[in-house]
Each structure stands twice: as structure tokens, then as C-alpha cells.
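Below is the file data07.pdb, which contains PDB, C-alpha atoms.
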ATOM      1  CA  MET A   1      14.145  -8.405  44.027
ATOM      2  CA  THR A   2      11.169  -8.994  41.753
ATOM      3  CA  LYS A   3       9.801  -6.386  39.374
ATOM      4  CA  LYS A   4       7.295  -3.836  40.663
ATOM      5  CA  VAL A   5       3.899  -3.344  39.071
ATOM      6  CA  LEU A   6       3.632   0.181  37.665
ATOM      7  CA  HIS A   7       0.164   0.005  36.110
ATOM      8  CA  VAL A   8      -2.797  -2.341  35.941
ATOM      9  CA  LEU A   9      -4.788  -1.690  32.787
ATOM     10  CA  PRO A  10      -8.571  -2.085  32.959
ATOM     11  CA  THR A  11     -10.437  -4.496  30.742
ATOM     12  CA  ALA A  12     -10.943  -2.750  27.402
ATOM     13  CA  GLY A  13     -14.195  -2.438  25.494
ATOM     14  CA  GLN A  14     -14.872  -4.838  22.667
ATOM     15  CA  HIS A  15     -14.880  -3.944  18.974
ATOM     16  CA  TRP A  16     -15.136  -6.031  15.825
ATOM     17  CA  VAL A  17     -12.257  -6.505  13.406
ATOM     18  CA  GLY A  18     -13.994  -7.598  10.242
ATOM     19  CA  ASP A  19     -16.848  -9.953  11.104
ATOM     20  CA  GLY A  20     -14.746 -12.659  12.730
ATOM     21  CA  PHE A  21     -12.708 -11.080  15.525
ATOM     22  CA  PRO A  22     -14.516  -9.507  18.515
ATOM     23  CA  ALA A  23     -11.356  -7.928  19.936
ATOM     24  CA  ARG A  24     -10.386  -5.973  23.025
ATOM     25  CA  THR A  25      -7.306  -3.785  22.529
ATOM     26  CA  LEU A  26      -5.458  -3.886  25.848
ATOM     27  CA  PHE A  27      -2.814  -1.434  24.636
ATOM     28  CA  GLY A  28      -1.778   0.201  21.378
ATOM     29  CA  TYR A  29       1.128   2.139  19.918
ATOM     30  CA  THR A  30      -0.052   5.567  21.079
ATOM     31  CA  GLY A  31      -0.364   7.091  24.529
ATOM     32  CA  PRO A  32       1.779   7.337  27.661
ATOM     33  CA  LEU A  33       2.689   3.634  27.897
ATOM     34  CA  VAL A  34       4.519   3.332  24.568
ATOM     35  CA  ASP A  35       7.980   3.422  26.141
ATOM     36  CA  LEU A  36       6.943   0.972  28.883
ATOM     37  CA  VAL A  37       5.636  -1.734  26.515
ATOM     38  CA  SER A  38       8.351  -1.521  23.815
ATOM     39  CA  PRO A  39       9.253  -3.619  21.818
ATOM     40  CA  PHE A  40       5.538  -4.547  21.780
ATOM     41  CA  LEU A  41       3.126  -2.200  20.017
ATOM     42  CA  LEU A  42      -0.354  -3.655  20.389
ATOM     43  CA  PHE A  43      -2.233  -6.400  22.217
ATOM     44  CA  ASP A  44      -5.603  -7.531  20.832
ATOM     45  CA  TYR A  45      -7.496 -10.194  22.771
ATOM     46  CA  THR A  46     -10.333 -11.813  20.803
ATOM     47  CA  GLY A  47     -12.990 -13.721  22.701
ATOM     48  CA  PRO A  48     -13.713 -16.026  24.244
ATOM     49  CA  TRP A  49     -16.673 -15.974  21.853
ATOM     50  CA  HIS A  50     -19.087 -18.613  20.616
ATOM     51  CA  PHE A  51     -19.699 -18.733  16.871
ATOM     52  CA  GLU A  52     -22.529 -20.701  15.336
ATOM     53  CA  PRO A  53     -21.685 -23.035  12.417
ATOM     54  CA  GLN A  54     -21.865 -21.441   8.986
ATOM     55  CA  ALA A  55     -23.849 -22.870   6.109
ATOM     56  CA  PRO A  56     -21.787 -24.556   3.354
ATOM     57  CA  GLY A  57     -20.667 -22.211   0.594
ATOM     58  CA  ARG A  58     -20.648 -19.039   2.687
ATOM     59  CA  ARG A  59     -17.489 -16.963   2.971
ATOM     60  CA  PRO A  60     -15.798 -17.701   6.314
ATOM     61  CA  ARG A  61     -15.919 -14.921   8.885
ATOM     62  CA  GLY A  62     -12.789 -12.806   9.244
ATOM     63  CA  VAL A  63     -11.046  -9.775   7.817
ATOM     64  CA  GLY A  64     -10.167  -9.278   4.149
ATOM     65  CA  GLN A  65      -6.869  -8.169   2.704
ATOM     66  CA  HIS A  66      -5.142  -5.264   4.395
ATOM     67  CA  PRO A  67      -1.540  -3.970   4.529
ATOM     68  CA  HIS A  68       1.162  -3.819   7.201
ATOM     69  CA  ARG A  69       4.620  -2.258   7.261
ATOM     70  CA  GLY A  70       7.313  -1.776   9.899
ATOM     71  CA  PHE A  71       6.514  -4.489  12.464
ATOM     72  CA  GLU A  72       5.533  -8.111  13.086
ATOM     73  CA  THR A  73       2.168  -9.693  13.866
ATOM     74  CA  VAL A  74       2.052 -12.655  16.236
ATOM     75  CA  THR A  75      -1.205 -14.615  16.357
ATOM     76  CA  LEU A  76      -1.812 -17.197  19.114
ATOM     77  CA  VAL A  77      -4.841 -19.478  18.795
ATOM     78  CA  TYR A  78      -6.300 -20.910  21.998
ATOM     79  CA  ASP A  79      -9.588 -22.130  20.507
ATOM     80  CA  GLY A  80     -10.884 -22.123  16.947
ATOM     81  CA  GLY A  81      -8.939 -21.954  13.720
ATOM     82  CA  VAL A  82      -7.464 -19.156  11.586
ATOM     83  CA  ALA A  83      -6.543 -19.324   7.888
ATOM     84  CA  HIS A  84      -3.863 -16.926   6.623
ATOM     85  CA  ALA A  85      -2.769 -15.843   3.144
ATOM     86  CA  ASP A  86      -0.421 -13.023   2.139
ATOM     87  CA  SER A  87       1.109 -11.271  -0.859
ATOM     88  CA  ALA A  88       4.498 -12.929  -0.290
ATOM     89  CA  GLY A  89       2.942 -16.293  -1.153
ATOM     90  CA  HIS A  90       2.571 -17.669   2.380
ATOM     91  CA  ARG A  91      -0.538 -19.629   3.322
ATOM     92  CA  GLY A  92      -1.380 -21.595   6.411
ATOM     93  CA  ILE A  93      -3.962 -22.680   8.958
ATOM     94  CA  ILE A  94      -3.329 -22.470  12.681
ATOM     95  CA  GLY A  95      -5.452 -24.212  15.287
ATOM     96  CA  PRO A  96      -5.490 -24.548  19.076
ATOM     97  CA  GLY A  97      -1.985 -24.151  20.494
ATOM     98  CA  ASP A  98      -0.477 -22.965  17.203
ATOM     99  CA  VAL A  99       1.190 -19.596  16.563
ATOM    100  CA  GLN A 100       1.685 -17.559  13.396
ATOM    101  CA  TRP A 101       4.628 -15.118  13.389
ATOM    102  CA  MET A 102       4.485 -12.800  10.376
ATOM    103  CA  THR A 103       7.211 -10.226   9.835
ATOM    104  CA  ALA A 104       5.584  -7.596   7.635
ATOM    105  CA  ALA A 105       8.775  -5.465   7.542
ATOM    106  CA  SER A 106       8.929  -3.599   4.189
ATOM    107  CA  GLY A 107       5.307  -4.313   3.417
ATOM    108  CA  ILE A 108       2.785  -7.070   2.943
ATOM    109  CA  LEU A 109      -0.890  -7.590   2.206
ATOM    110  CA  HIS A 110      -2.635 -10.360   4.114
ATOM    111  CA  GLU A 111      -6.031 -11.688   5.078
ATOM    112  CA  GLU A 112      -7.231 -13.664   8.086
ATOM    113  CA  PHE A 113     -10.405 -15.753   8.130
ATOM    114  CA  HIS A 114     -11.835 -18.499  10.257
ATOM    115  CA  SER A 115     -10.606 -21.820   8.920
ATOM    116  CA  GLU A 116     -13.075 -23.819   6.838
ATOM    117  CA  ALA A 117     -13.209 -26.587   9.441
ATOM    118  CA  PHE A 118     -13.976 -24.168  12.277
ATOM    119  CA  SER A 119     -16.523 -22.282  10.164
ATOM    120  CA  ALA A 120     -18.366 -25.532   9.512
ATOM    121  CA  ARG A 121     -18.459 -26.733  13.106
ATOM    122  CA  GLY A 122     -18.537 -23.420  15.030
ATOM    123  CA  GLY A 123     -17.785 -23.288  18.730
ATOM    124  CA  ARG A 124     -15.490 -21.450  21.110
ATOM    125  CA  PHE A 125     -13.077 -18.932  19.575
ATOM    126  CA  GLU A 126     -10.195 -17.360  21.520
ATOM    127  CA  VAL A 127      -7.202 -15.672  19.876
ATOM    128  CA  VAL A 128      -4.500 -13.184  20.869
ATOM    129  CA  GLN A 129      -2.714 -11.001  18.340
ATOM    130  CA  LEU A 130       0.403  -9.040  19.264
ATOM    131  CA  TRP A 131       2.173  -6.420  17.202
ATOM    132  CA  VAL A 132       5.938  -6.408  17.759
ATOM    133  CA  ASN A 133       8.022  -3.434  16.670
ATOM    134  CA  LEU A 134      11.083  -3.688  14.447
ATOM    135  CA  PRO A 135      14.156  -1.482  14.810
ATOM    136  CA  ALA A 136      14.725   1.064  12.034
ATOM    137  CA  ALA A 137      17.460  -1.090  10.503
ATOM    138  CA  ALA A 138      14.988  -3.959   9.952
ATOM    139  CA  LYS A 139      11.804  -2.121   9.005
ATOM    140  CA  MET A 140      12.475  -2.342   5.269
ATOM    141  CA  SER A 141      13.771  -5.912   5.214
ATOM    142  CA  PRO A 142      11.895  -8.553   3.161
ATOM    143  CA  PRO A 143       8.723 -10.022   4.720
ATOM    144  CA  THR A 144       8.958 -13.459   6.323
ATOM    145  CA  TYR A 145       6.514 -15.933   7.845
ATOM    146  CA  GLN A 146       6.824 -18.534  10.602
ATOM    147  CA  PRO A 147       4.009 -21.071  11.067
ATOM    148  CA  ILE A 148       4.669 -22.532  14.524
ATOM    149  CA  LEU A 149       2.688 -25.648  15.426
ATOM    150  CA  ALA A 150       1.842 -26.491  19.019
ATOM    151  CA  THR A 151       4.149 -29.512  18.769
ATOM    152  CA  ASP A 152       7.067 -27.179  17.906
ATOM    153  CA  ILE A 153       6.730 -25.137  21.112
ATOM    154  CA  PRO A 154       8.845 -26.352  24.047
ATOM    155  CA  VAL A 155       7.093 -26.730  27.402
ATOM    156  CA  VAL A 156       8.786 -26.064  30.752
ATOM    157  CA  ALA A 157       7.273 -27.534  33.921
ATOM    158  CA  LEU A 158       7.220 -25.084  36.831
ATOM    159  CA  PRO A 159       8.600 -26.070  40.275
ATOM    160  CA  ASP A 160       6.333 -27.765  42.829
ATOM    161  CA  ASP A 161       3.884 -28.857  40.137
ATOM    162  CA  ALA A 162       2.638 -25.254  39.907
ATOM    163  CA  GLY A 163       1.905 -25.383  36.185
ATOM    164  CA  GLN A 164       3.802 -24.974  32.943
ATOM    165  CA  VAL A 165       5.182 -22.449  30.467
ATOM    166  CA  ARG A 166       5.074 -22.792  26.686
ATOM    167  CA  VAL A 167       8.146 -20.895  25.466
ATOM    168  CA  ILE A 168       6.881 -19.370  22.227
ATOM    169  CA  ALA A 169       9.766 -16.924  21.895
ATOM    170  CA  GLY A 170      12.872 -16.033  23.842
ATOM    171  CA  ARG A 171      14.434 -18.193  26.505
ATOM    172  CA  LEU A 172      13.379 -19.639  29.853
ATOM    173  CA  GLY A 173      16.371 -21.066  31.686
ATOM    174  CA  ASP A 174      18.112 -23.412  29.257
ATOM    175  CA  VAL A 175      15.082 -23.717  26.983
ATOM    176  CA  GLN A 176      15.028 -21.743  23.726
ATOM    177  CA  GLY A 177      11.654 -20.735  22.320
ATOM    178  CA  ALA A 178      10.259 -21.804  18.969
ATOM    179  CA  ALA A 179      10.170 -18.434  17.169
ATOM    180  CA  ARG A 180      13.040 -16.569  15.550
ATOM    181  CA  THR A 181      12.993 -12.958  16.731
ATOM    182  CA  VAL A 182      14.663  -9.822  15.392
ATOM    183  CA  THR A 183      15.284  -8.289  18.822
ATOM    184  CA  GLU A 184      15.661  -9.830  22.281
ATOM    185  CA  LEU A 185      12.207 -10.619  23.669
ATOM    186  CA  ASN A 186      10.178 -13.298  25.409
ATOM    187  CA  VAL A 187       6.635 -14.534  24.767
ATOM    188  CA  TRP A 188       5.589 -17.093  27.388
ATOM    189  CA  ASP A 189       2.202 -18.815  27.517
ATOM    190  CA  VAL A 190       1.704 -19.706  31.186
ATOM    191  CA  THR A 191      -0.862 -21.975  32.834
ATOM    192  CA  LEU A 192      -1.069 -22.225  36.615
ATOM    193  CA  LYS A 193      -2.856 -24.547  39.021
ATOM    194  CA  PRO A 194      -4.977 -23.277  41.948
ATOM    195  CA  GLY A 195      -2.806 -21.975  44.774
ATOM    196  CA  ALA A 196       0.341 -21.850  42.628
ATOM    197  CA  GLU A 197       2.969 -19.279  43.636
ATOM    198  CA  VAL A 198       5.891 -18.785  41.263
ATOM    199  CA  VAL A 199       8.497 -16.229  40.281
ATOM    200  CA  LEU A 200       9.013 -16.174  36.525
ATOM    201  CA  PRO A 201      12.569 -14.973  35.743
ATOM    202  CA  ALA A 202      11.942 -11.900  33.569
ATOM    203  CA  PRO A 203      15.346 -10.280  32.959
ATOM    204  CA  HIS A 204      16.546  -7.036  34.501
ATOM    205  CA  GLY A 205      16.323  -4.242  31.926
ATOM    206  CA  HIS A 206      13.421  -5.799  30.025
ATOM    207  CA  ASN A 207      10.099  -4.056  29.735
ATOM    208  CA  THR A 208       7.705  -6.648  31.134
ATOM    209  CA  MET A 209       3.950  -7.253  31.057
ATOM    210  CA  ALA A 210       1.681  -9.992  32.343
ATOM    211  CA  CYS A 211      -1.804 -10.353  30.873
ATOM    212  CA  VAL A 212      -4.410 -12.479  32.620
ATOM    213  CA  LEU A 213      -6.551 -14.395  30.122
ATOM    214  CA  SER A 214      -8.321 -16.371  32.838
ATOM    215  CA  GLY A 215      -7.861 -16.015  36.556
ATOM    216  CA  PRO A 216      -8.003 -14.544  39.109
ATOM    217  CA  VAL A 217      -4.269 -13.941  39.458
ATOM    218  CA  HIS A 218      -2.127 -11.791  41.759
ATOM    219  CA  ILE A 219       0.899 -10.175  40.113
ATOM    220  CA  GLY A 220       3.476  -8.633  42.407
ATOM    221  CA  ASP A 221       1.560  -6.729  45.085
ATOM    222  CA  ARG A 222      -1.518  -6.223  42.866
ATOM    223  CA  GLY A 223      -4.580  -8.332  42.509
ATOM    224  CA  PRO A 224      -6.614 -10.212  42.048
ATOM    225  CA  LEU A 225      -6.532  -9.431  38.328
ATOM    226  CA  GLY A 226      -9.391 -10.784  36.256
ATOM    227  CA  ASN A 227      -9.810 -11.788  32.652
ATOM    228  CA  ALA A 228      -8.258  -9.438  30.062
ATOM    229  CA  GLN A 229      -6.461  -7.323  32.671
ATOM    230  CA  LEU A 230      -2.813  -6.508  32.072
ATOM    231  CA  ALA A 231      -0.057  -5.511  34.500
ATOM    232  CA  VAL A 232       2.860  -3.359  33.319
ATOM    233  CA  LEU A 233       6.007  -3.864  35.396
ATOM    234  CA  ASP A 234       9.214  -1.864  35.751
ATOM    235  CA  ARG A 235      12.569  -2.616  34.123
ATOM    236  CA  GLY A 236      14.293  -3.250  37.453
ATOM    237  CA  GLY A 237      14.240  -6.537  39.315
ATOM    238  CA  GLU A 238      14.723  -9.957  37.826
ATOM    239  CA  GLY A 239      11.404 -11.747  37.986
ATOM    240  CA  VAL A 240       7.619 -11.586  38.048
ATOM    241  CA  ALA A 241       5.900 -12.856  41.204
ATOM    242  CA  VAL A 242       2.605 -14.570  40.350
ATOM    243  CA  ARG A 243      -0.022 -16.263  42.529
ATOM    244  CA  ALA A 244      -3.110 -18.017  41.165
ATOM    245  CA  ASP A 245      -6.320 -18.324  43.170
ATOM    246  CA  ALA A 246      -7.772 -20.802  40.673
ATOM    247  CA  ASP A 247      -6.812 -22.445  37.388
ATOM    248  CA  ALA A 248      -5.219 -19.571  35.489
ATOM    249  CA  LYS A 249      -3.885 -18.699  32.072
ATOM    250  CA  LEU A 250      -1.706 -15.683  31.302
ATOM    251  CA  LEU A 251       0.744 -14.342  28.762
ATOM    252  CA  VAL A 252       4.037 -12.948  30.020
ATOM    253  CA  LEU A 253       5.799 -10.615  27.593
ATOM    254  CA  SER A 254       9.192  -9.013  28.050
ATOM    255  CA  GLY A 255      11.857  -7.509  25.857
ATOM    256  CA  VAL A 256      14.695  -5.057  25.443
ATOM    257  CA  PRO A 257      13.050  -1.707  24.619
ATOM    258  CA  ILE A 258      13.701  -0.238  21.175
ATOM    259  CA  ASP A 259      14.873   3.294  21.882
ATOM    260  CA  GLU A 260      13.615   4.877  18.660
ATOM    261  CA  PRO A 261      10.658   7.102  17.733
ATOM    262  CA  VAL A 262       7.352   5.278  17.227
ATOM    263  CA  VAL A 263       5.207   6.919  14.553
ATOM    264  CA  GLY A 264       2.164   4.975  13.491
ATOM    265  CA  TYR A 265      -0.872   5.396  11.310
ATOM    266  CA  GLY A 266      -3.323   2.519  11.075
ATOM    267  CA  PRO A 267      -1.440  -0.544   9.775
ATOM    268  CA  PHE A 268       1.925   1.254   9.362
ATOM    269  CA  VAL A 269       4.434   1.809  12.189
ATOM    270  CA  MET A 270       7.655   3.590  11.289
ATOM    271  CA  ASN A 271      10.019   6.201  12.786
ATOM    272  CA  SER A 272       8.823   9.387  11.051
ATOM    273  CA  TRP A 273       5.766  10.845   9.328
ATOM    274  CA  GLU A 274       7.713  10.960   6.077
ATOM    275  CA  GLU A 275       8.100   7.166   6.267
ATOM    276  CA  ILE A 276       4.381   6.798   7.000
ATOM    277  CA  GLN A 277       3.547   8.855   3.914
ATOM    278  CA  GLN A 278       5.928   6.717   1.857
ATOM    279  CA  ALA A 279       4.233   3.579   3.159
ATOM    280  CA  ALA A 280       0.819   4.912   2.133
ATOM    281  CA  ASP A 281       2.149   5.903  -1.296
ATOM    282  CA  ASP A 282       3.739   2.483  -1.798
ATOM    283  CA  PHE A 283       0.532   0.719  -0.779
ATOM    284  CA  ASN A 284      -1.652   2.864  -3.021
ATOM    285  CA  SER A 285       0.777   2.303  -5.909
ATOM    286  CA  GLY A 286       0.561  -1.484  -5.582
ATOM    287  CA  ARG A 287       4.125  -1.977  -4.315
ATOM    288  CA  PHE A 288       2.972  -4.316  -1.521
ATOM    289  CA  GLY A 289       2.209  -6.977  -4.107
ATOM    290  CA  ALA A 290      -1.077  -8.797  -4.529
ATOM    291  CA  LEU A 291      -2.888 -11.744  -3.026
ATOM    292  CA  ARG A 292      -3.362 -14.591  -5.471
TER     293      ARG A 292
END
What is this structure when it is put down as C-alpha cells?
Amino acid sequence: MTKKVLHVLPTAGQHWVGDGFPARTLFGYTGPLVDLVSPFLLFDYTGPWHFEPQAPGRRPRGVGQHPHRGFETVTLVYDGGVAHADSAGHRGIIGPGDVQWMTAASGILHEEFHSEAFSARGGRFEVVQLWVNLPAAAKMSPPTYQPILATDIPVVALPDDAGQVRVIAGRLGDVQGAARTVTELNVWDVTLKPGAEVVLPAPHGHNTMACVLSGPVHIGDRGPLGNAQLAVLDRGGEGVAVRADADAKLLVLSGVPIDEPVVGYGPFVMNSWEEIQQAADDFNSGRFGALR
């Protein structure tokens, strides 16, 4: 039996993060769905958006330094380029097909701007950023950073030439994903051909979501779902039934829920308000380090 669709979330309104990320927040870490999307906390979908080239010497568009504590950020670039720097000394540029997996954990400052090359040429920009929760035992561990190039991500062909899955994290059949994860979860980047009908084997007991980035797509008994619509499925069953009416692109997320309190305030997500206050105090006291 495949998983049942519990909710289909409407396309969210757009807001700007800095001056470089016109984002739609499909879900966040507050509200009635928190337990159904765990271990994921937030889904921001930026674009598709066309940026004009910038004049030489101008600061690239993006968002300046800001803190995080208690979770991980996962940035997937479909089009464009993103430059990253953080207070733990990590720097990198990710382009189309690349992924950046940053474990903020005990605390980090970072900044995200359009890469210099993309700023100079302009063009289509499309990025997804996920926030992934950490269990209490890992929230105060040292920050880490995984730059994952497109060539590092294994690709699984779907039966009957239906399309393919890039296994960013987790496991699909015998194929292990590219990212190291703290808890058991899957992040699959799926492309489907017109008329494709597949059942993706999301495990029983996992919270599971499927987000349509381009469609239309039918998920379970719901559809067609259009761009930036997300289906939340139940923990029962052992797969996600998907049918594409046209060329389609979607992200399938699943994971073992973290059965702990979720208390968040802006860029901090912990288990209690006391820990949130400590995070704010540590940030204001300079304990998150500094960007060089």
C-alpha cells in the first residue's frame, strides 16, 4: 500500500531574503504541520527568477552575515550560482546541480551571495533551501560543512525510462546518497518524463513530502499539483505514487521524525525557550565567531 496524501499546501506568497533570494516559504517550523514534516523544519523555494547582469565592482546580490544554531541548512542550486562563507572558515561556490549541506549545530555565522560569475552574466536563478532539525544530543556539536558537487551525486534511472532520481541524501535501493546525515532521512531530486507513472519507495514510518517544482504532477490520489505545491503524506505505506502529465521536476523528502519539542525563534531552533535565550546571548556576546 502506498502512502496517503494528508495535505496539499497551496503555493506560498513570495518575499525577499536580502536582495538576492525571492523566496516562497512552503512550510516553516511553527504551526500544525510541525510533527508531520519532522525532521525537516523549513522549505524555501527561490525563483525561478531572472536577474539582470550587475555592473563590475558592485556587491553581488544576496544576504549578509547572519547566525544559525540547532539545525542544518541544505541549499540546492538548479540555476545560477551561490557563494558561501562562514565563521568556521568554510568557503565555497555551488552552481547548477550542486548542493551545500551546512550543519550549524552549536552556532555559526554565514553569508550567501550570488557568485561573481553569475552576477556578471545574470540569467535564470532557481534555488531550494531546506532546514533540517538536529536531535537534542547533536544541537551543540561543532559546525560542519559539506560542499557536494553535481558529479558527486549518484543518479538512479527509474523503470520503463520514466525518468531519474539524484540521491542527494539517504538511500534508494542499493544506492547511498552523497550527503552524510545526522538522522535517517532521504532527499531525492526527481525528474520525470511526460506520462511517467512510478512508485518511489519511501519507507514505512517516515514522514514524507513531495514538492512539485515544475509539473503538473499527480501524487497519490491528488492532483494535478502545480509549481511550488507540496503534498504531505502519512507515515503508513511504503511508497509514493507519482504520475507526470508533462516533463516534471520534484523533490521527495522523507525521514524518521524527531520526537522532541521544537522551539524556534528566527535563526535558532532548539528544544526550550531557555536554550533560545542562551543562543541569543551567545550570538550577542560574539561566541559564534566572526567572518574573515
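Rounded to one decimal, atom CA of Ser254 of chain A and atom CA of Gly173 of chain A lie 14.5 Å from each other.
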* In Å, how far is it from atom CA of Val156 of chain A to atom CA of Thr11 of chain A? ->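 Here the two named atoms are 28.9 Å from each other.
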Residues of segment 179-275 of chain A at most 10 Å from segment 82-106 of chain A: nearest atom pair and distance in Å, all atoms listed in the file, as a tab-separated table:
residue	atom	partner	partner_atom	distance
A:Ala179	CA	A:Trp101	CA	7.5
A:Arg180	CA	A:Trp101	CA	8.8
A:Thr181	CA	A:Trp101	CA	9.3
A:Val182	CA	A:Thr103	CA	9.3
A:Asp189	CA	A:Gly97	CA	9.8
A:Phe268	CA	A:Ala104	CA	9.7
A:Val269	CA	A:Ala105	CA	9.7
A:Met270	CA	A:Ala105	CA	9.9
* To do: Rounded to one decimal place, report the atom CA of Thr151 of chain A-atom CA of Val74 of chain A distance in Å.
  =>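 So the two atoms, atom CA of Thr151 of chain A and atom CA of Val74 of chain A, lie 17.2 Å apart.
Proximity ranking of A:Ala231, A:Leu130, A:Val240, A:Ala157 relative to Pro201 of chain A places A:Val240 first, based on only C-alpha atoms.
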Would you translate the PyMOL selection byres ((chain A and resi 35-46) around 8) into the concrete set of residues it matches in this file, as a PDB file with C-alpha atoms, in the frame of the given file?
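Output saved as result26.pdb:
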ATOM      1  CA  PHE A  21     -12.708 -11.080  15.525  1.00  0.00           C
ATOM      2  CA  PRO A  22     -14.516  -9.507  18.515  1.00  0.00           C
ATOM      3  CA  ALA A  23     -11.356  -7.928  19.936  1.00  0.00           C
ATOM      4  CA  ARG A  24     -10.386  -5.973  23.025  1.00  0.00           C
ATOM      5  CA  THR A  25      -7.306  -3.785  22.529  1.00  0.00           C
ATOM      6  CA  LEU A  26      -5.458  -3.886  25.848  1.00  0.00           C
ATOM      7  CA  PHE A  27      -2.814  -1.434  24.636  1.00  0.00           C
ATOM      8  CA  GLY A  28      -1.778   0.201  21.378  1.00  0.00           C
ATOM      9  CA  TYR A  29       1.128   2.139  19.918  1.00  0.00           C
ATOM     10  CA  PRO A  32       1.779   7.337  27.661  1.00  0.00           C
ATOM     11  CA  LEU A  33       2.689   3.634  27.897  1.00  0.00           C
ATOM     12  CA  VAL A  34       4.519   3.332  24.568  1.00  0.00           C
ATOM     13  CA  GLY A  47     -12.990 -13.721  22.701  1.00  0.00           C
ATOM     14  CA  PRO A  48     -13.713 -16.026  24.244  1.00  0.00           C
ATOM     15  CA  TRP A  49     -16.673 -15.974  21.853  1.00  0.00           C
ATOM     16  CA  PHE A 125     -13.077 -18.932  19.575  1.00  0.00           C
ATOM     17  CA  GLU A 126     -10.195 -17.360  21.520  1.00  0.00           C
ATOM     18  CA  VAL A 127      -7.202 -15.672  19.876  1.00  0.00           C
ATOM     19  CA  VAL A 128      -4.500 -13.184  20.869  1.00  0.00           C
ATOM     20  CA  GLN A 129      -2.714 -11.001  18.340  1.00  0.00           C
ATOM     21  CA  LEU A 130       0.403  -9.040  19.264  1.00  0.00           C
ATOM     22  CA  TRP A 131       2.173  -6.420  17.202  1.00  0.00           C
ATOM     23  CA  VAL A 132       5.938  -6.408  17.759  1.00  0.00           C
ATOM     24  CA  ASN A 133       8.022  -3.434  16.670  1.00  0.00           C
ATOM     25  CA  LEU A 134      11.083  -3.688  14.447  1.00  0.00           C
ATOM     26  CA  LEU A 185      12.207 -10.619  23.669  1.00  0.00           C
ATOM     27  CA  ASN A 207      10.099  -4.056  29.735  1.00  0.00           C
ATOM     28  CA  THR A 208       7.705  -6.648  31.134  1.00  0.00           C
ATOM     29  CA  MET A 209       3.950  -7.253  31.057  1.00  0.00           C
ATOM     30  CA  ALA A 228      -8.258  -9.438  30.062  1.00  0.00           C
ATOM     31  CA  VAL A 232       2.860  -3.359  33.319  1.00  0.00           C
ATOM     32  CA  ASP A 234       9.214  -1.864  35.751  1.00  0.00           C
ATOM     33  CA  GLY A 255      11.857  -7.509  25.857  1.00  0.00           C
ATOM     34  CA  VAL A 256      14.695  -5.057  25.443  1.00  0.00           C
ATOM     35  CA  PRO A 257      13.050  -1.707  24.619  1.00  0.00           C
ATOM     36  CA  ILE A 258      13.701  -0.238  21.175  1.00  0.00           C
TER      37      ILE A 258
END
* I need the residue set behind the PyMOL selection byres ((chain A and resi 244-248) around 7) for this file; please write it as number ranges by chain. => A: 191-197, 214-218, 242-243, 249-250
Taking every listed atom of segment 253-257 of chain A and adding 6 Å to each side, what centre and edge lengths in Å (one decimal) does the axis-aligned box have, as lines of an AutoDock Vina configuration file?
center_x = 10.2
center_y = -6.2
center_z = 26.3
size_x = 20.9
size_y = 20.9
size_z = 15.4
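Checking A:Met1, A:Val155, A:Leu213, A:Ala150 one by one against Ala241 of chain A, counting only C-alpha atoms, you find the shortest gap at A:Met1.
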May I have the residues within 12 Å of Gln277 of chain A as a PDB file with C-alpha atoms, in the frame of the given file, using all atoms listed in the file and disregarding those fewer than 6 positions away in the same chain?
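Final output, saved to result09.pdb:
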ATOM      1  CA  ARG A  69       4.620  -2.258   7.261  1.00  0.00           C
ATOM      2  CA  VAL A 263       5.207   6.919  14.553  1.00  0.00           C
ATOM      3  CA  GLY A 264       2.164   4.975  13.491  1.00  0.00           C
ATOM      4  CA  TYR A 265      -0.872   5.396  11.310  1.00  0.00           C
ATOM      5  CA  GLY A 266      -3.323   2.519  11.075  1.00  0.00           C
ATOM      6  CA  PHE A 268       1.925   1.254   9.362  1.00  0.00           C
ATOM      7  CA  VAL A 269       4.434   1.809  12.189  1.00  0.00           C
ATOM      8  CA  MET A 270       7.655   3.590  11.289  1.00  0.00           C
ATOM      9  CA  ASN A 271      10.019   6.201  12.786  1.00  0.00           C
ATOM     10  CA  PHE A 283       0.532   0.719  -0.779  1.00  0.00           C
ATOM     11  CA  ASN A 284      -1.652   2.864  -3.021  1.00  0.00           C
TER      12      ASN A 284
END
Translate the PyMOL selection byres ((chain A and resi 118) around 10), as applied to the file shown, into an explicit residue set as a PDB file with C-alpha atoms, in the coordinates of the input.
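Listing of selection.pdb after writing:
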ATOM      1  CA  PHE A  51     -19.699 -18.733  16.871  1.00  0.00           C
ATOM      2  CA  GLU A  52     -22.529 -20.701  15.336  1.00  0.00           C
ATOM      3  CA  PRO A  53     -21.685 -23.035  12.417  1.00  0.00           C
ATOM      4  CA  GLN A  54     -21.865 -21.441   8.986  1.00  0.00           C
ATOM      5  CA  PRO A  60     -15.798 -17.701   6.314  1.00  0.00           C
ATOM      6  CA  ASP A  79      -9.588 -22.130  20.507  1.00  0.00           C
ATOM      7  CA  GLY A  80     -10.884 -22.123  16.947  1.00  0.00           C
ATOM      8  CA  GLY A  81      -8.939 -21.954  13.720  1.00  0.00           C
ATOM      9  CA  VAL A  82      -7.464 -19.156  11.586  1.00  0.00           C
ATOM     10  CA  ALA A  83      -6.543 -19.324   7.888  1.00  0.00           C
ATOM     11  CA  GLY A  95      -5.452 -24.212  15.287  1.00  0.00           C
ATOM     12  CA  HIS A 114     -11.835 -18.499  10.257  1.00  0.00           C
ATOM     13  CA  SER A 115     -10.606 -21.820   8.920  1.00  0.00           C
ATOM     14  CA  GLU A 116     -13.075 -23.819   6.838  1.00  0.00           C
ATOM     15  CA  ALA A 117     -13.209 -26.587   9.441  1.00  0.00           C
ATOM     16  CA  SER A 119     -16.523 -22.282  10.164  1.00  0.00           C
ATOM     17  CA  ALA A 120     -18.366 -25.532   9.512  1.00  0.00           C
ATOM     18  CA  ARG A 121     -18.459 -26.733  13.106  1.00  0.00           C
ATOM     19  CA  GLY A 122     -18.537 -23.420  15.030  1.00  0.00           C
ATOM     20  CA  GLY A 123     -17.785 -23.288  18.730  1.00  0.00           C
ATOM     21  CA  ARG A 124     -15.490 -21.450  21.110  1.00  0.00           C
ATOM     22  CA  PHE A 125     -13.077 -18.932  19.575  1.00  0.00           C
TER      23      PHE A 125
END
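The shortest atom-to-atom distance to Lys4 of chain A, with all atoms listed in the file taken into account, belongs to A:His204 out of A:Arg292, A:His204, A:Arg287, A:His68.
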* Nearest candidate to Gly62 of chain A (options A:Pro261, A:Pro203, A:His50, A:Asp19; using only C-alpha atoms) ->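 For Gly62 of chain A, the nearest of the candidates is A:Asp19.
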